[in-house]
Amino acid sequence: MTNHRLGQTVLNYRKKNGMTIREFAEYAGISTSLISQIERGQANPSLSVLKLIAQALNVPLFTLFINEIDTDSLISRKHDRKKVYRENSDHIVYDVLTPDFMKAHIELLMMDLKAHASTTESHYSHDNQEEIAVVMKGQAYVELEGTEYFLNEGDVVRIPPNVKHRFLNKSDEPNHILFVLTPALV
């Protein structure tokens with residue numbers, strides 16, 4: 001990784017937090033000149049300095065390095081994608097569509113739900129994630145907090161954090177539902 005990319009990342013985070021170099025340096029306990037050199041790509045900071053910067057920015061240390069982009073990892077080939085199975089793997093398959101899965105800020109999944117199947121016997125919820133689901137093929141029902149809603153192809157449902165939900169396919173044909181999940185909120 002070039003020091004320039006690291007410096008740009010630190011600069012972007014600092015500006016996003018609305019801090020001057022002097023304010024940030026004081027808050028992080030690092031000299032103003034070192035922060036300036038890091039942001040200009042002219043310093044090679046130690047791990048302990050990087051930890052101080054990450055703590056001051058209130059971000060995990062690894063996020064300072066995510067600008068190192070392997071462009072090959074930005075493509076998700078159908079034959080290479082990972083599959084995620086729920087408890088009833090005979091009827092439900094989630095295809096992980098998100099390229100570069102570990103570094104993405106969202107998760108994109110395609111669910112294949114076979115005829116006369118449901119995602120779970122009961123319900124599930126995401127503690128710290130919001131979810132958007134789009135019926136891409138077929139028809140489905142979504143149950144939100146015990147209330148069932150019919151969805152046609154193209155319909156969209158937003159599922160806020162902690163909302164108990166499940167999907168049902170009451171038809172004779174399989175359906176495909178696209179999910180977009182936000183990163184877990186802390």
# chains A, B, ... in the order shown; residues from 1 in each chain; ligands from 1
>>> residues_around(residues="A:Gly138", least_positions_apart="4", cutoff="9 Å", atoms="only C-alpha atoms", output="list in words")
Leu151, Asn152, Glu153, Gly154, Asn169, Ser171, Glu173, Pro174, Asn175, His176 and Ile177 of chain A
>>> write_last_selection(atoms="N, CA and C atoms", output="mmCIF file, in the first residue's frame")
data_model
loop_
_atom_site.group_PDB
_atom_site.id
_atom_site.type_symbol
_atom_site.label_atom_id
_atom_site.label_comp_id
_atom_site.auth_asym_id
_atom_site.auth_seq_id
_atom_site.Cartn_x
_atom_site.Cartn_y
_atom_site.Cartn_z
ATOM 1 N N LEU A 151 -46.670 -9.832 -2.052
ATOM 2 C CA LEU A 151 -45.752 -9.074 -2.896
ATOM 3 C C LEU A 151 -45.744 -9.653 -4.308
ATOM 4 N N ASN A 152 -45.949 -8.789 -5.292
ATOM 5 C CA ASN A 152 -45.833 -9.174 -6.698
ATOM 6 C C ASN A 152 -44.399 -8.978 -7.166
ATOM 7 N N GLU A 153 -44.095 -9.523 -8.315
ATOM 8 C CA GLU A 153 -42.791 -9.314 -8.931
ATOM 9 C C GLU A 153 -42.544 -7.815 -9.060
ATOM 10 N N GLY A 154 -41.383 -7.366 -8.612
ATOM 11 C CA GLY A 154 -41.036 -5.955 -8.674
ATOM 12 C C GLY A 154 -41.344 -5.194 -7.398
ATOM 13 N N ASN A 169 -43.372 -18.604 0.160
ATOM 14 C CA ASN A 169 -43.748 -18.810 -1.238
ATOM 15 C C ASN A 169 -44.910 -19.793 -1.232
ATOM 16 N N SER A 171 -46.894 -20.261 -3.838
ATOM 17 C CA SER A 171 -47.215 -20.617 -5.224
ATOM 18 C C SER A 171 -46.596 -21.954 -5.607
ATOM 19 N N GLU A 173 -44.581 -22.195 -8.135
ATOM 20 C CA GLU A 173 -43.340 -21.859 -8.837
ATOM 21 C C GLU A 173 -42.315 -21.281 -7.862
ATOM 22 N N PRO A 174 -41.027 -21.507 -8.107
ATOM 23 C CA PRO A 174 -40.014 -20.887 -7.249
ATOM 24 C C PRO A 174 -40.001 -19.371 -7.467
ATOM 25 N N ASN A 175 -39.508 -18.640 -6.485
ATOM 26 C CA ASN A 175 -39.342 -17.202 -6.669
ATOM 27 C C ASN A 175 -37.910 -16.817 -6.339
ATOM 28 N N HIS A 176 -37.549 -15.625 -6.775
ATOM 29 C CA HIS A 176 -36.211 -15.090 -6.531
ATOM 30 C C HIS A 176 -36.385 -13.726 -5.879
ATOM 31 N N ILE A 177 -35.732 -13.548 -4.745
ATOM 32 C CA ILE A 177 -35.835 -12.289 -4.013
ATOM 33 C C ILE A 177 -34.423 -11.755 -3.790
#
>>> residues_around(residues="A:Lys16", least_positions_apart="5", cutoff="10 Å", atoms="only C-alpha atoms", output="count of residues only")
3
>>> residues_around(residues="A:Val157", least_positions_apart="6", cutoff="7 Å", atoms="only C-alpha atoms", output="number ranges by chain")
A: 132-134
>>> write_last_selection(atoms="N, CA and C atoms", output="mmCIF file, in the first residue's frame")
data_model
loop_
_atom_site.group_PDB
_atom_site.id
_atom_site.type_symbol
_atom_site.label_atom_id
_atom_site.label_comp_id
_atom_site.auth_asym_id
_atom_site.auth_seq_id
_atom_site.Cartn_x
_atom_site.Cartn_y
_atom_site.Cartn_z
ATOM 1 N N ILE A 132 -33.425 -4.365 2.592
ATOM 2 C CA ILE A 132 -34.379 -4.083 1.520
ATOM 3 C C ILE A 132 -34.487 -5.368 0.706
ATOM 4 N N ALA A 133 -35.712 -5.778 0.394
ATOM 5 C CA ALA A 133 -35.920 -6.983 -0.410
ATOM 6 C C ALA A 133 -36.765 -6.627 -1.626
ATOM 7 N N VAL A 134 -36.376 -7.148 -2.782
ATOM 8 C CA VAL A 134 -37.085 -6.911 -4.039
ATOM 9 C C VAL A 134 -37.461 -8.265 -4.631
#
>>> residues_around(residues="A:Glu145", least_positions_apart="4", cutoff="8 Å", atoms="only C-alpha atoms", output="list in words")
Val163, Lys164 and His165 of chain A
>>> closest_residue(among="A:Leu109, A:Leu6, A:Ile35, A:Ala117", to="A:Leu64", atoms="only C-alpha atoms")
A:Leu6
>>> atom_distance(atom1="atom CA of A:Val49", atom2="atom CA of A:Arg5")
16.3 Å
>>> closest_residue(among="A:Met136, A:Thr182, A:Thr147, A:Tyr124", to="A:Asn162", atoms="only C-alpha atoms")
A:Tyr124
>>> residues_around(residues="A:Glu143", least_positions_apart="5", cutoff="9 Å", atoms="only C-alpha atoms", output="PDB file with N, CA and C atoms, in the first residue's frame")
ATOM      1  N   HIS A 123     -39.651 -16.789  12.931  1.00  0.00           N
ATOM      2  CA  HIS A 123     -39.211 -15.519  12.364  1.00  0.00           C
ATOM      3  C   HIS A 123     -37.754 -15.286  12.699  1.00  0.00           C
ATOM      4  N   GLU A 148     -49.065 -10.494   7.521  1.00  0.00           N
ATOM      5  CA  GLU A 148     -48.632 -11.019   6.232  1.00  0.00           C
ATOM      6  C   GLU A 148     -49.008 -10.055   5.108  1.00  0.00           C
ATOM      7  N   TYR A 149     -48.058  -9.822   4.185  1.00  0.00           N
ATOM      8  CA  TYR A 149     -48.269  -8.935   3.043  1.00  0.00           C
ATOM      9  C   TYR A 149     -47.931  -9.678   1.762  1.00  0.00           C
ATOM     10  N   PHE A 150     -48.778  -9.543   0.758  1.00  0.00           N
ATOM     11  CA  PHE A 150     -48.549 -10.159  -0.543  1.00  0.00           C
ATOM     12  C   PHE A 150     -47.650  -9.256  -1.379  1.00  0.00           C
ATOM     13  N   LYS A 164     -39.235  -8.556  13.326  1.00  0.00           N
ATOM     14  CA  LYS A 164     -39.363  -9.991  13.085  1.00  0.00           C
ATOM     15  C   LYS A 164     -39.999 -10.198  11.717  1.00  0.00           C
ATOM     16  N   HIS A 165     -39.366 -11.056  10.902  1.00  0.00           N
ATOM     17  CA  HIS A 165     -39.867 -11.251   9.545  1.00  0.00           C
ATOM     18  C   HIS A 165     -39.512 -12.632   9.010  1.00  0.00           C
ATOM     19  N   ARG A 166     -40.232 -12.988   7.969  1.00  0.00           N
ATOM     20  CA  ARG A 166     -39.917 -14.173   7.186  1.00  0.00           C
ATOM     21  C   ARG A 166     -40.613 -14.049   5.844  1.00  0.00           C
ATOM     22  N   PHE A 167     -40.143 -14.822   4.873  1.00  0.00           N
ATOM     23  CA  PHE A 167     -40.727 -14.828   3.539  1.00  0.00           C
ATOM     24  C   PHE A 167     -41.348 -16.189   3.272  1.00  0.00           C
ATOM     25  N   LEU A 168     -42.475 -16.173   2.551  1.00  0.00           N
ATOM     26  CA  LEU A 168     -43.194 -17.398   2.219  1.00  0.00           C
ATOM     27  C   LEU A 168     -43.477 -17.432   0.721  1.00  0.00           C
TER      28      LEU A 168
END
>>> residues_around(residues="A:Gln129", least_positions_apart="6", cutoff="12 Å", atoms="only C-alpha atoms", output="MDAnalysis selection string")
chainID A and resid 105:107 158:163 179:186
>>> write_last_selection(atoms="C-alpha atoms", output="mmCIF file, in the first residue's frame")
data_model
loop_
_atom_site.group_PDB
_atom_site.id
_atom_site.type_symbol
_atom_site.label_atom_id
_atom_site.label_comp_id
_atom_site.auth_asym_id
_atom_site.auth_seq_id
_atom_site.Cartn_x
_atom_site.Cartn_y
_atom_site.Cartn_z
ATOM 1 C CA HIS A 105 -20.235 -1.688 2.884
ATOM 2 C CA ILE A 106 -23.404 -3.525 1.867
ATOM 3 C CA GLU A 107 -24.368 -7.140 1.355
ATOM 4 C CA ARG A 158 -37.959 -2.374 3.732
ATOM 5 C CA ILE A 159 -37.190 -4.259 6.932
ATOM 6 C CA PRO A 160 -35.790 -2.061 9.724
ATOM 7 C CA PRO A 161 -33.489 -3.493 12.428
ATOM 8 C CA ASN A 162 -35.158 -5.769 15.009
ATOM 9 C CA VAL A 163 -38.342 -6.326 12.956
ATOM 10 C CA PHE A 179 -31.743 -8.589 -0.638
ATOM 11 C CA VAL A 180 -29.647 -5.541 0.137
ATOM 12 C CA LEU A 181 -28.404 -5.375 3.735
ATOM 13 C CA THR A 182 -26.711 -2.414 5.330
ATOM 14 C CA PRO A 183 -23.586 -2.909 7.392
ATOM 15 C CA ALA A 184 -24.221 -3.745 11.027
ATOM 16 C CA LEU A 185 -24.759 -0.568 13.046
ATOM 17 C CA VAL A 186 -22.681 -0.233 16.172
#
>>> closest_residue(among="A:Ser118, A:Asn17, A:Gln139, A:Gln8", to="A:Val59", atoms="only C-alpha atoms")
A:Asn17
